[in-house]
$ cat work.tsv   # TSV, C-alpha atoms
chain	number	residue	atom	x	y	z
A	1	MET	CA	-10.25	-37.10	16.87
A	2	ARG	CA	-7.34	-38.02	14.62
A	3	ARG	CA	-4.00	-36.60	15.79
A	4	GLU	CA	-2.42	-34.42	13.14
A	5	SER	CA	1.15	-34.68	11.91
A	6	PHE	CA	2.25	-31.38	10.42
A	7	TRP	CA	4.82	-32.57	7.91
A	8	ARG	CA	2.85	-35.55	6.65
A	9	ASP	CA	-0.28	-33.43	6.20
A	10	ALA	CA	1.60	-30.48	4.71
A	11	VAL	CA	3.31	-32.66	2.12
A	12	ALA	CA	-0.05	-34.23	1.25
A	13	LEU	CA	-1.71	-30.81	0.83
A	14	VAL	CA	1.11	-29.48	-1.32
A	15	ALA	CA	1.25	-32.63	-3.44
A	16	LEU	CA	-2.50	-32.53	-3.98
A	17	SER	CA	-2.31	-28.87	-4.97
A	18	VAL	CA	0.51	-29.43	-7.46
A	19	ALA	CA	-1.31	-32.40	-8.98
A	20	ALA	CA	-4.55	-30.46	-9.32
A	21	ALA	CA	-2.69	-27.48	-10.78
A	22	ALA	CA	-0.92	-29.69	-13.31
A	23	VAL	CA	-4.18	-31.31	-14.43
A	24	SER	CA	-5.92	-27.95	-14.61
A	25	ASN	CA	-3.12	-26.44	-16.70
A	26	LEU	CA	-3.02	-29.48	-18.96
A	27	ALA	CA	-6.76	-29.26	-19.61
A	28	ALA	CA	-6.76	-25.47	-20.06
A	29	GLY	CA	-7.44	-23.85	-23.41
A	30	PRO	CA	-4.82	-21.66	-25.10
A	31	GLU	CA	-5.99	-18.49	-23.33
A	32	ARG	CA	-5.70	-20.06	-19.86
A	33	LYS	CA	-2.70	-22.29	-20.30
A	34	LEU	CA	0.76	-21.31	-19.08
A	35	ARG	CA	4.16	-22.81	-19.71
A	36	TRP	CA	5.59	-23.98	-16.38
A	37	VAL	CA	8.84	-22.11	-16.89
A	38	GLY	CA	8.33	-18.46	-17.74
A	39	SER	CA	10.62	-16.55	-20.05
A	40	TYR	CA	10.07	-13.08	-18.62
A	41	ALA	CA	12.65	-10.58	-17.52
A	42	SER	CA	12.32	-8.95	-14.14
A	43	SER	CA	10.41	-5.72	-14.59
A	44	GLY	CA	12.52	-3.01	-16.16
A	45	GLU	CA	15.33	-5.41	-17.00
A	46	PRO	CA	16.11	-6.90	-20.38
A	47	ALA	CA	15.11	-10.55	-20.70
A	48	PRO	CA	17.86	-13.08	-20.06
A	49	GLY	CA	19.74	-13.62	-23.27
A	50	SER	CA	17.88	-10.81	-24.96
A	51	ALA	CA	20.98	-9.26	-26.43
A	52	LYS	CA	21.70	-10.46	-29.93
A	53	GLU	CA	25.10	-12.01	-30.40
A	54	SER	CA	25.92	-9.42	-33.01
A	55	ALA	CA	25.09	-6.48	-30.76
A	56	PRO	CA	28.05	-4.64	-29.25
A	57	ALA	CA	28.57	-5.68	-25.64
A	58	ASN	CA	28.56	-2.13	-24.32
A	59	VAL	CA	25.19	-1.19	-25.81
A	60	PRO	CA	22.31	-1.28	-23.30
A	61	THR	CA	19.90	-3.60	-25.07
A	62	ALA	CA	16.81	-2.29	-23.31
A	63	ALA	CA	17.60	1.37	-23.83
A	64	VAL	CA	14.53	3.35	-24.74
A	65	VAL	CA	15.11	5.96	-27.35
A	66	THR	CA	12.10	7.96	-28.33
A	67	ALA	CA	11.72	8.41	-32.05
A	68	PRO	CA	10.96	11.97	-33.07
A	69	SER	CA	7.22	12.43	-33.37
A	70	GLY	CA	5.35	14.09	-36.17
A	71	SER	CA	3.15	13.14	-39.04
A	72	ASP	CA	5.54	13.72	-41.92
A	73	ALA	CA	4.38	11.45	-44.73
A	74	GLY	CA	7.95	10.79	-45.80
A	75	LYS	CA	9.14	9.94	-42.33
A	76	ALA	CA	11.45	6.94	-42.09
A	77	PHE	CA	11.66	4.39	-39.29
A	78	PRO	CA	15.04	2.77	-39.92
A	79	PRO	CA	16.06	-0.50	-38.25
A	80	HIS	CA	17.84	-0.25	-34.90
A	81	PRO	CA	19.59	-3.59	-34.44
A	82	ASP	CA	21.38	-2.38	-31.31
A	83	LYS	CA	18.14	-1.69	-29.41
A	84	PRO	CA	15.15	-3.98	-28.84
A	85	TRP	CA	12.65	-1.20	-29.36
A	86	LEU	CA	12.01	2.50	-29.84
A	87	GLU	CA	8.97	4.27	-28.49
A	88	ILE	CA	6.73	6.13	-30.91
A	89	SER	CA	3.66	8.33	-30.69
A	90	GLY	CA	0.12	7.82	-31.92
A	91	ASP	CA	0.83	9.98	-34.98
A	92	ASP	CA	3.64	7.64	-35.97
A	93	VAL	CA	1.48	4.56	-35.42
A	94	ALA	CA	-1.26	6.04	-37.62
A	95	LEU	CA	1.34	6.76	-40.30
A	96	LEU	CA	2.78	3.26	-40.11
A	97	ARG	CA	-0.67	1.70	-40.19
A	98	ASP	CA	-1.46	3.63	-43.38
A	99	ARG	CA	1.74	2.23	-44.84
A	100	GLY	CA	0.64	-1.31	-44.03
A	101	ALA	CA	3.09	-2.01	-41.20
A	102	LEU	CA	2.49	-5.08	-39.05
A	103	ILE	CA	0.77	-4.06	-35.79
A	104	LEU	CA	0.65	-6.44	-32.83
A	105	ASP	CA	-1.61	-6.18	-29.80
A	106	ALA	CA	0.21	-7.49	-26.71
A	107	ARG	CA	-2.84	-7.42	-24.42
A	108	ARG	CA	-4.85	-10.46	-23.43
A	109	SER	CA	-6.91	-12.09	-26.18
A	110	SER	CA	-10.13	-11.37	-24.31
A	111	VAL	CA	-9.26	-7.67	-24.16
A	112	TYR	CA	-8.27	-7.70	-27.84
A	113	ARG	CA	-11.70	-9.01	-28.77
A	114	GLU	CA	-13.33	-6.11	-26.93
A	115	GLY	CA	-11.59	-3.63	-29.23
A	116	HIS	CA	-8.23	-3.20	-30.94
A	117	ILE	CA	-6.50	-1.08	-33.55
A	118	ALA	CA	-8.11	-2.04	-36.84
A	119	GLY	CA	-5.70	-4.35	-38.66
A	120	ALA	CA	-3.72	-5.29	-35.53
A	121	ARG	CA	-3.05	-8.95	-34.81
A	122	SER	CA	-3.36	-10.42	-31.33
A	123	LEU	CA	-0.19	-11.69	-29.71
A	124	SER	CA	-0.72	-11.72	-25.98
A	125	VAL	CA	2.60	-11.94	-24.25
A	126	TRP	CA	0.96	-13.65	-21.26
A	127	GLU	CA	-0.57	-16.58	-23.06
A	128	ALA	CA	1.15	-19.92	-23.54
A	129	ASP	CA	1.32	-19.69	-27.31
A	130	ALA	CA	3.15	-16.34	-27.35
A	131	ASP	CA	6.55	-17.81	-28.18
A	132	ASP	CA	5.05	-20.02	-30.88
A	133	LYS	CA	3.29	-17.03	-32.43
A	134	VAL	CA	6.50	-15.00	-32.38
A	135	ARG	CA	8.37	-17.83	-34.07
A	136	GLY	CA	5.43	-18.08	-36.48
A	137	LEU	CA	5.91	-14.46	-37.48
A	138	PHE	CA	9.57	-15.20	-38.14
A	139	ALA	CA	8.59	-18.28	-40.17
A	140	GLU	CA	6.25	-16.18	-42.34
A	141	GLY	CA	9.40	-14.87	-43.99
A	142	ARG	CA	8.71	-11.26	-43.14
A	143	ASP	CA	11.33	-8.63	-43.74
A	144	GLN	CA	13.12	-8.51	-40.40
A	145	SER	CA	14.11	-4.90	-40.88
A	146	ALA	CA	10.58	-3.65	-41.63
A	147	PRO	CA	8.80	-1.71	-38.87
A	148	VAL	CA	6.66	-3.76	-36.47
A	149	VAL	CA	4.43	-1.80	-34.09
A	150	VAL	CA	3.49	-3.30	-30.74
A	151	TYR	CA	1.12	-1.83	-28.19
A	152	CYS	CA	-0.73	-2.58	-24.98
A	153	SER	CA	-2.60	-0.25	-22.64
A	154	GLY	CA	-0.05	2.55	-22.33
A	155	GLY	CA	0.79	4.05	-18.95
A	156	GLU	CA	2.42	1.46	-16.69
A	157	CYS	CA	1.66	-1.41	-19.05
A	158	GLU	CA	4.87	-3.29	-19.88
A	159	ASP	CA	3.40	-6.01	-22.07
A	160	SER	CA	4.34	-4.26	-25.31
A	161	HIS	CA	7.95	-3.92	-24.17
A	162	MET	CA	8.04	-7.58	-23.20
A	163	LEU	CA	6.69	-8.56	-26.61
A	164	ALA	CA	9.21	-6.23	-28.26
A	165	GLU	CA	11.99	-8.10	-26.43
A	166	LYS	CA	10.70	-11.41	-27.76
A	167	LEU	CA	10.51	-10.09	-31.32
A	168	TYR	CA	13.99	-8.64	-31.05
A	169	ARG	CA	15.33	-11.97	-29.84
A	170	VAL	CA	14.08	-13.80	-32.93
A	171	GLY	CA	15.57	-11.20	-35.23
A	172	PHE	CA	13.18	-8.29	-35.77
A	173	ASP	CA	15.32	-5.17	-35.92
A	174	ASP	CA	12.72	-2.43	-36.13
A	175	VAL	CA	10.26	-2.99	-33.31
A	176	LEU	CA	8.40	0.17	-32.33
A	177	VAL	CA	6.43	0.44	-29.11
A	178	TYR	CA	3.32	2.62	-29.16
A	179	ARG	CA	4.12	4.58	-26.00
A	180	ASP	CA	0.58	5.60	-25.04
A	181	GLY	CA	-1.09	2.43	-26.26
A	182	PHE	CA	-4.70	1.64	-27.05
A	183	PRO	CA	-6.30	4.26	-24.74
A	184	ASP	CA	-4.54	6.97	-26.76
A	185	TRP	CA	-5.73	5.40	-30.04
A	186	GLN	CA	-9.29	5.47	-28.73
A	187	LYS	CA	-8.96	9.10	-27.65
A	188	ARG	CA	-7.83	10.02	-31.13
A	189	GLY	CA	-10.95	8.42	-32.61
A	190	LEU	CA	-8.89	6.29	-35.01
A	191	PRO	CA	-10.22	3.04	-36.55
A	192	ILE	CA	-11.01	0.25	-34.09
A	193	ALA	CA	-12.11	-3.30	-34.78
A	194	LYS	CA	-13.79	-5.82	-32.47
A	195	GLY	CA	-13.72	-9.60	-32.34
A	196	ASP	CA	-11.09	-12.14	-33.27
A	197	ALA	CA	-10.36	-10.80	-36.72
A	198	PRO	CA	-7.72	-8.08	-37.22
B	1	MET	CA	-4.26	-20.81	24.30
B	2	ASN	CA	-7.04	-20.89	26.91
B	3	GLY	CA	-10.35	-19.18	27.52
B	4	PRO	CA	-13.00	-18.03	25.09
B	5	LEU	CA	-10.46	-17.40	22.34
B	6	SER	CA	-9.77	-21.12	22.09
B	7	SER	CA	-13.37	-22.29	22.25
B	8	PRO	CA	-14.41	-24.80	19.57
B	9	TRP	CA	-17.41	-22.56	18.80
B	10	LEU	CA	-15.11	-19.69	17.82
B	11	THR	CA	-12.49	-21.86	16.14
B	12	ILE	CA	-14.92	-23.52	13.78
B	13	ARG	CA	-16.24	-20.12	12.69
B	14	VAL	CA	-12.76	-18.75	12.19
B	15	GLN	CA	-11.94	-21.80	10.08
B	16	PHE	CA	-15.02	-21.12	7.94
B	17	VAL	CA	-14.08	-17.48	7.46
B	18	LEU	CA	-10.52	-18.37	6.43
B	19	ALA	CA	-11.79	-21.12	4.16
B	20	ALA	CA	-14.27	-18.79	2.47
B	21	VAL	CA	-11.67	-16.07	1.91
B	22	PHE	CA	-9.07	-18.39	0.42
B	23	VAL	CA	-11.49	-20.40	-1.71
B	24	VAL	CA	-12.94	-17.22	-3.20
B	25	ALA	CA	-9.43	-15.80	-3.72
B	26	ALA	CA	-8.30	-19.02	-5.39
B	27	VAL	CA	-11.22	-19.39	-7.79
B	28	GLY	CA	-10.61	-16.00	-9.42
B	29	LYS	CA	-6.96	-16.85	-10.00
B	30	ILE	CA	-7.56	-20.41	-11.17
B	31	ALA	CA	-9.93	-19.00	-13.78
B	32	ASP	CA	-7.16	-16.87	-15.28
B	33	PRO	CA	-3.59	-18.12	-14.65
B	34	PRO	CA	-1.99	-15.80	-17.25
B	35	GLY	CA	-3.63	-12.82	-15.53
B	36	PHE	CA	-2.26	-13.93	-12.17
B	37	ALA	CA	1.19	-14.50	-13.71
B	38	HIS	CA	1.00	-10.93	-14.94
B	39	GLU	CA	0.19	-9.70	-11.41
B	40	ILE	CA	3.08	-11.70	-9.92
B	41	HIS	CA	5.43	-10.32	-12.55
B	42	ASN	CA	4.32	-6.78	-11.76
B	43	TYR	CA	5.67	-7.14	-8.23
B	44	ALA	CA	9.15	-7.45	-9.79
B	45	LEU	CA	10.23	-9.74	-6.95
B	46	ALA	CA	10.01	-13.28	-8.31
B	47	PRO	CA	12.55	-14.51	-10.86
B	48	GLY	CA	11.07	-14.56	-14.36
B	49	PHE	CA	11.41	-18.33	-14.76
B	50	ALA	CA	9.36	-18.96	-11.58
B	51	VAL	CA	6.45	-16.62	-12.33
B	52	ASN	CA	4.37	-19.12	-14.30
B	53	ALA	CA	4.88	-22.02	-11.89
B	54	MET	CA	3.80	-19.77	-9.02
B	55	ALA	CA	0.74	-18.62	-10.96
B	56	ILE	CA	-0.25	-22.20	-11.71
B	57	VAL	CA	0.30	-23.71	-8.24
B	58	LEU	CA	-0.39	-20.98	-5.64
B	59	PRO	CA	-4.14	-20.65	-6.31
B	60	TRP	CA	-4.58	-24.41	-6.03
B	61	LEU	CA	-2.63	-24.43	-2.78
B	62	GLU	CA	-5.01	-21.76	-1.47
B	63	LEU	CA	-8.03	-23.74	-2.66
B	64	VAL	CA	-6.88	-27.09	-1.24
B	65	CYS	CA	-5.89	-25.57	2.12
B	66	GLY	CA	-9.11	-23.54	2.24
B	67	LEU	CA	-11.18	-26.67	1.64
B	68	ALA	CA	-9.12	-28.59	4.23
B	69	LEU	CA	-9.99	-25.91	6.78
B	70	PHE	CA	-13.63	-26.03	5.74
B	71	VAL	CA	-13.97	-29.77	6.27
B	72	GLY	CA	-11.60	-29.80	9.27
B	73	LEU	CA	-9.04	-32.15	7.76
B	74	ALA	CA	-5.33	-31.46	8.38
B	75	ARG	CA	-6.45	-28.07	9.59
B	76	ARG	CA	-3.24	-27.19	11.46
B	77	SER	CA	-1.09	-27.90	8.43
B	78	ALA	CA	-3.54	-26.04	6.19
B	79	ALA	CA	-3.57	-23.07	8.57
B	80	ARG	CA	0.23	-23.01	8.74
B	81	ILE	CA	0.56	-23.10	4.96
B	82	LEU	CA	-1.98	-20.30	4.57
B	83	GLY	CA	-0.20	-18.36	7.31
B	84	LEU	CA	3.07	-18.75	5.45
B	85	LEU	CA	1.45	-17.53	2.23
B	86	LEU	CA	0.02	-14.52	4.07
B	87	VAL	CA	3.46	-13.65	5.46
B	88	VAL	CA	4.91	-13.84	1.95
B	89	PHE	CA	2.09	-11.63	0.60
B	90	VAL	CA	2.62	-9.06	3.36
B	91	ILE	CA	6.37	-8.95	2.74
B	92	ALA	CA	5.91	-8.64	-1.03
B	93	LEU	CA	3.37	-5.85	-0.70
B	94	GLY	CA	5.51	-4.16	1.96
B	95	ILE	CA	8.61	-4.19	-0.24
B	96	ASP	CA	6.78	-2.71	-3.23
B	97	LEU	CA	5.07	-0.18	-1.01
B	98	ALA	CA	8.44	0.84	0.46
B	99	ARG	CA	9.88	1.38	-3.01
B	100	LYS	CA	6.69	3.17	-4.11
B	101	ARG	CA	6.01	0.64	-6.84
B	102	PRO	CA	2.23	0.56	-7.30
B	103	VAL	CA	0.87	-2.91	-8.03
B	104	ASP	CA	-2.54	-4.47	-8.05
B	105	CYS	CA	-2.62	-6.90	-5.16
B	106	GLY	CA	-3.78	-9.75	-7.39
B	107	CYS	CA	-5.16	-11.37	-4.24
B	108	PHE	CA	-8.57	-12.13	-5.72
B	109	GLY	CA	-7.60	-12.38	-9.37
B	110	THR	CA	-6.93	-9.84	-12.06
B	111	SER	CA	-8.27	-6.34	-11.53
B	112	LYS	CA	-9.90	-4.85	-14.63
B	113	VAL	CA	-10.37	-1.45	-13.02
B	114	GLU	CA	-7.93	1.24	-14.08
B	115	LYS	CA	-6.45	2.92	-10.99
B	116	THR	CA	-4.13	5.81	-10.38
B	117	THR	CA	-0.77	5.35	-8.68
B	118	GLU	CA	-2.13	6.87	-5.47
B	119	GLU	CA	-5.15	4.57	-5.49
B	120	ARG	CA	-2.94	1.53	-5.98
B	121	LEU	CA	-0.59	2.52	-3.16
B	122	ARG	CA	-3.55	3.10	-0.86
B	123	ASP	CA	-5.07	-0.26	-1.81
B	124	MET	CA	-1.74	-1.95	-1.07
B	125	LYS	CA	-1.87	-0.60	2.50
B	126	TRP	CA	-5.39	-1.96	2.90
B	127	ALA	CA	-4.30	-5.31	1.51
B	128	ILE	CA	-1.51	-5.50	4.07
B	129	ALA	CA	-3.95	-4.64	6.87
B	130	ARG	CA	-6.37	-7.31	5.63
B	131	ASP	CA	-3.61	-9.92	5.43
B	132	VAL	CA	-2.45	-9.10	8.94
B	133	GLY	CA	-6.03	-9.56	10.12
B	134	LEU	CA	-6.18	-12.94	8.39
B	135	LEU	CA	-2.88	-13.85	10.04
B	136	LEU	CA	-4.50	-13.21	13.42
B	137	LEU	CA	-7.28	-15.63	12.45
B	138	VAL	CA	-4.68	-18.22	11.44
B	139	GLY	CA	-3.04	-17.68	14.84
B	140	GLN	CA	-6.36	-18.32	16.57
B	141	VAL	CA	-6.82	-21.64	14.74
B	142	LEU	CA	-3.26	-22.75	15.51
B	143	GLY	CA	-3.50	-21.70	19.14
B	144	ALA	CA	-6.86	-23.35	19.73
B	145	THR	CA	-5.97	-26.64	18.04
B	146	LYS	CA	-2.49	-27.12	19.47
B	147	ARG	CA	-3.53	-30.21	21.39
B	148	ASP	CA	-4.54	-31.91	18.12
B	149	GLU	CA	-0.98	-32.16	16.84
B	150	ARG	CA	0.99	-35.34	17.25
B	151	GLY	CA	4.07	-34.63	19.31
$ encode --input "work.tsv" --output "structure tokens"
Amino acid sequence: MRRESFWRDAVALVALSVAAAAVSNLAAGPERKLRWVGSYASSGEPAPGSAKESAPANVPTAAVVTAPSGSDAGKAFPPHPDKPWLEISGDDVALLRDRGALILDARRSSVYREGHIAGARSLSVWEADADDKVRGLFAEGRDQSAPVVVYCSGGECEDSHMLAEKLYRVGFDDVLVYRDGFPDWQKRGLPIAKGDAP
Amino acid sequence: MNGPLSSPWLTIRVQFVLAAVFVVAAVGKIADPPGFAHEIHNYALAPGFAVNAMAIVLPWLELVCGLALFVGLARRSAARILGLLLVVFVIALGIDLARKRPVDCGCFGTSKVEKTTEERLRDMKWAIARDVGLLLLVGQVLGATKRDERG
């Protein structure tokens, strides 16, 4: 039997694994592909460089301030350039949807297809094209101070907050996180769409 | 290691069990790298810039080492690498368990089942127990094949 050499064999196994991983990632479709270097913050921390240069240094950029809930038709959601996001309730999301606000679904594309808030666009924070899509939103020439609602699955899901950070970094000043997410929307019996289309 | 615990009959079966576990674990993660990156991120232990690279490479390392064990090539190196991965998994789960941070193990890919905090914490304990058991199997392979290594 061939005598084994640990280091030679270990290097060969690791090299083979990296090569196979690189080929697999290169050949993967947009839903499976990942950028090699992630741009995520550690959980619960603001993303590196997330603070805008214009934001005061002593303002916690990831502070969560809950907007007052309610279904007042005249309710305003003013920009908050010193904070990446505010959390809002399902009532507020329904109100903003009626007003035509941009709604973004931060969950995986496959989950989005199974059911999403009617009118919401898919922007999965975990897929390789997330940064391109965020920059695409910026390039659409949207009003940066208009409300943008982001949501995921509520509860412990942090995807919507991560997407909010990305949007804040490119200049969106009024990002609102749907605190209870899609499960709450379903419970309320509000409009849901399926498939790739918003 | 001497005696029945180092018999080739047992060792080959242990290799097959380890190979099967790691190949199955790898396939689920290779099928969905973003889902695995999400699971790694949830542990809140790895630096953000390294999460994707880990999600891309680790499943392939499991697959290649699992297959090496299956065919009996470079089996000591494969077993050591898998043992090292298991130690890392146990430490990661242990840290999050100690700080009561419920995570899905992510060991066999992305879980689609919604679980409560208590269920997740309980599953983390089981995952640690399973990984320790797999470590014992790795130890058996290393102990029984010691004579195969070039000095």
$ interface_residues --input "work.tsv" --of "chain A" --to "chain B" --cutoff "10 Å" --atoms "only C-alpha atoms" --output "VMD selection string"
chain A and resid 1 to 22 24 to 25 28 31 to 45 47 to 48 108 111 124 to 128 156 to 159
$ write_last_selection --input "work.tsv" --atoms "C-alpha atoms" --output "compact mmCIF listing (two decimals), in the frame of the given file"
# COMPACT_ATOMS: atom_id res chain seq x y z
CA MET A 1 -10.25 -37.10 16.87
CA ARG A 2 -7.34 -38.02 14.62
CA ARG A 3 -4.00 -36.60 15.79
CA GLU A 4 -2.42 -34.42 13.14
CA SER A 5 1.15 -34.68 11.91
CA PHE A 6 2.25 -31.38 10.42
CA TRP A 7 4.82 -32.57 7.91
CA ARG A 8 2.85 -35.55 6.65
CA ASP A 9 -0.28 -33.43 6.20
CA ALA A 10 1.60 -30.48 4.71
CA VAL A 11 3.31 -32.66 2.12
CA ALA A 12 -0.05 -34.23 1.25
CA LEU A 13 -1.71 -30.81 0.83
CA VAL A 14 1.11 -29.48 -1.32
CA ALA A 15 1.25 -32.63 -3.44
CA LEU A 16 -2.50 -32.53 -3.98
CA SER A 17 -2.31 -28.87 -4.97
CA VAL A 18 0.51 -29.43 -7.46
CA ALA A 19 -1.31 -32.40 -8.98
CA ALA A 20 -4.55 -30.46 -9.32
CA ALA A 21 -2.69 -27.48 -10.78
CA ALA A 22 -0.92 -29.69 -13.31
CA SER A 24 -5.92 -27.95 -14.61
CA ASN A 25 -3.12 -26.44 -16.70
CA ALA A 28 -6.76 -25.47 -20.06
CA GLU A 31 -5.99 -18.49 -23.33
CA ARG A 32 -5.70 -20.06 -19.86
CA LYS A 33 -2.70 -22.29 -20.30
CA LEU A 34 0.76 -21.31 -19.08
CA ARG A 35 4.16 -22.81 -19.71
CA TRP A 36 5.59 -23.98 -16.38
CA VAL A 37 8.84 -22.11 -16.89
CA GLY A 38 8.33 -18.46 -17.74
CA SER A 39 10.62 -16.55 -20.05
CA TYR A 40 10.07 -13.08 -18.62
CA ALA A 41 12.65 -10.58 -17.52
CA SER A 42 12.32 -8.95 -14.14
CA SER A 43 10.41 -5.72 -14.59
CA GLY A 44 12.52 -3.01 -16.16
CA GLU A 45 15.33 -5.41 -17.00
CA ALA A 47 15.11 -10.55 -20.70
CA PRO A 48 17.86 -13.08 -20.06
CA ARG A 108 -4.85 -10.46 -23.43
CA VAL A 111 -9.26 -7.67 -24.16
CA SER A 124 -0.72 -11.72 -25.98
CA VAL A 125 2.60 -11.94 -24.25
CA TRP A 126 0.96 -13.65 -21.26
CA GLU A 127 -0.57 -16.58 -23.06
CA ALA A 128 1.15 -19.92 -23.54
CA GLU A 156 2.42 1.46 -16.69
CA CYS A 157 1.66 -1.41 -19.05
CA GLU A 158 4.87 -3.29 -19.88
CA ASP A 159 3.40 -6.01 -22.07
$ closest_residue --input "work.tsv" --among "A:Asp98, A:Asp196, A:Asp143, A:Asp131" --to "Phe172 (chain A)" --atoms "only C-alpha atoms"
A:Asp143
$ atom_distance --input "work.tsv" --atom1 "CA of Gly119 (chain A)" --atom2 "CA of Pro191 (chain A)"
8.9 Å
$ residues_around --input "work.tsv" --residues "Arg142 (chain A)" --least-positions-apart "4" --cutoff "10 Å" --atoms "only C-alpha atoms" --output "VMD selection string"
chain A and resid 102 137 to 138 146 172
$ write_last_selection --input "work.tsv" --atoms "C-alpha atoms" --output "PDB file, in the frame of the given file"
ATOM      1  CA  LEU A 102       2.490  -5.080 -39.050  1.00  0.00           C
ATOM      2  CA  LEU A 137       5.910 -14.460 -37.480  1.00  0.00           C
ATOM      3  CA  PHE A 138       9.570 -15.200 -38.140  1.00  0.00           C
ATOM      4  CA  ALA A 146      10.580  -3.650 -41.630  1.00  0.00           C
ATOM      5  CA  PHE A 172      13.180  -8.290 -35.770  1.00  0.00           C
TER       6      PHE A 172
END
$ residues_near_point --input "work.tsv" --point "(-10.7, 6.6, -32.9)" --cutoff "12 Å" --atoms "all atoms listed in the file" --output "ChimeraX atom specification"
/A:90,94,115-118,182-193
$ atom_distance --input "work.tsv" --atom1 "CA of Pro147 (chain A)" --atom2 "CA of Asp174 (chain A)"
4.8 Å
$ closest_residue --input "work.tsv" --among "B:Asp123, B:Glu114, B:Asp131, B:Asp104" --to "Ile40 (chain B)" --atoms "all atoms listed in the file"
B:Asp104
$ closest_residue --input "work.tsv" --among "B:Gly106, B:Gly94, B:Gly83, B:Pro8" --to "Gly133 (chain B)" --atoms "only C-alpha atoms"
B:Gly83
$ atom_distance --input "work.tsv" --atom1 "CA of Gly154 (chain A)" --atom2 "CA of Gly136 (chain A)"
25.6 Å
$ closest_residue --input "work.tsv" --among "A:Glu165, A:Gly171, A:Pro81, A:Val149" --to "Arg97 (chain A)" --atoms "only C-alpha atoms"
A:Val149
$ residues_around --input "work.tsv" --residues "Leu134 (chain B)" --least-positions-apart "6" --cutoff "10 Å" --atoms "all atoms listed in the file" --output "ChimeraX atom specification"
/B:14,17-18,21,82-83,86,128,140
$ closest_residue --input "work.tsv" --among "B:Phe22, B:Cys105, B:Thr110, B:Leu69" --to "Trp126 (chain B)" --atoms "all atoms listed in the file"
B:Cys105
$ residues_around --input "work.tsv" --residues "Leu96 (chain A)" --least-positions-apart "6" --cutoff "12 Å" --atoms "only C-alpha atoms" --output "list in words"
Gly70, Ser71, Asp72, Ala73, Gly74, Lys75, Ala76, Phe77, Ile88, Ser89, Gly90, Leu102, Ile103, Gly119, Ala120, Ala146, Pro147, Val148, Val149, Val150, Val175, Leu176, Val177 and Tyr178 of chain A
$ closest_residue --input "work.tsv" --among "B:Arg13, B:Glu39, B:Val90, B:Lys29" --to "Val141 (chain B)" --atoms "all atoms listed in the file"
B:Arg13
$ build_atoms --input "work.tsv" --residues "region 110-122 of chain A" --atoms "N, CA and C atoms" --output "short mmCIF file (atom, residue, chain, number, x, y, z; two decimals), keeping the file's coordinate frame"
data_model
loop_
_atom_site.label_atom_id
_atom_site.label_comp_id
_atom_site.auth_asym_id
_atom_site.auth_seq_id
_atom_site.Cartn_x
_atom_site.Cartn_y
_atom_site.Cartn_z
N SER A 110 -8.76 -11.78 -24.66
CA SER A 110 -10.13 -11.37 -24.31
C SER A 110 -10.28 -9.86 -24.42
N VAL A 111 -9.23 -9.14 -24.07
CA VAL A 111 -9.26 -7.67 -24.16
C VAL A 111 -9.19 -7.25 -25.63
N TYR A 112 -8.38 -7.97 -26.39
CA TYR A 112 -8.27 -7.70 -27.84
C TYR A 112 -9.64 -7.79 -28.50
N ARG A 113 -10.39 -8.82 -28.14
CA ARG A 113 -11.70 -9.01 -28.77
C ARG A 113 -12.65 -7.85 -28.46
N GLU A 114 -12.43 -7.22 -27.31
CA GLU A 114 -13.33 -6.11 -26.93
C GLU A 114 -13.07 -4.86 -27.77
N GLY A 115 -11.90 -4.79 -28.39
CA GLY A 115 -11.59 -3.63 -29.23
C GLY A 115 -10.09 -3.50 -29.40
N HIS A 116 -9.67 -3.32 -30.66
CA HIS A 116 -8.23 -3.20 -30.94
C HIS A 116 -8.03 -2.30 -32.15
N ILE A 117 -6.80 -1.89 -32.37
CA ILE A 117 -6.50 -1.08 -33.55
C ILE A 117 -6.87 -1.89 -34.79
N ALA A 118 -7.67 -1.31 -35.65
CA ALA A 118 -8.11 -2.04 -36.84
C ALA A 118 -6.89 -2.50 -37.64
N GLY A 119 -6.83 -3.78 -37.91
CA GLY A 119 -5.70 -4.35 -38.66
C GLY A 119 -4.65 -4.98 -37.77
N ALA A 120 -4.73 -4.73 -36.44
CA ALA A 120 -3.72 -5.29 -35.53
C ALA A 120 -3.99 -6.77 -35.29
N ARG A 121 -2.92 -7.54 -35.14
CA ARG A 121 -3.05 -8.95 -34.81
C ARG A 121 -2.84 -9.14 -33.32
N SER A 122 -3.49 -10.15 -32.77
CA SER A 122 -3.36 -10.42 -31.33
C SER A 122 -2.15 -11.29 -31.07
#
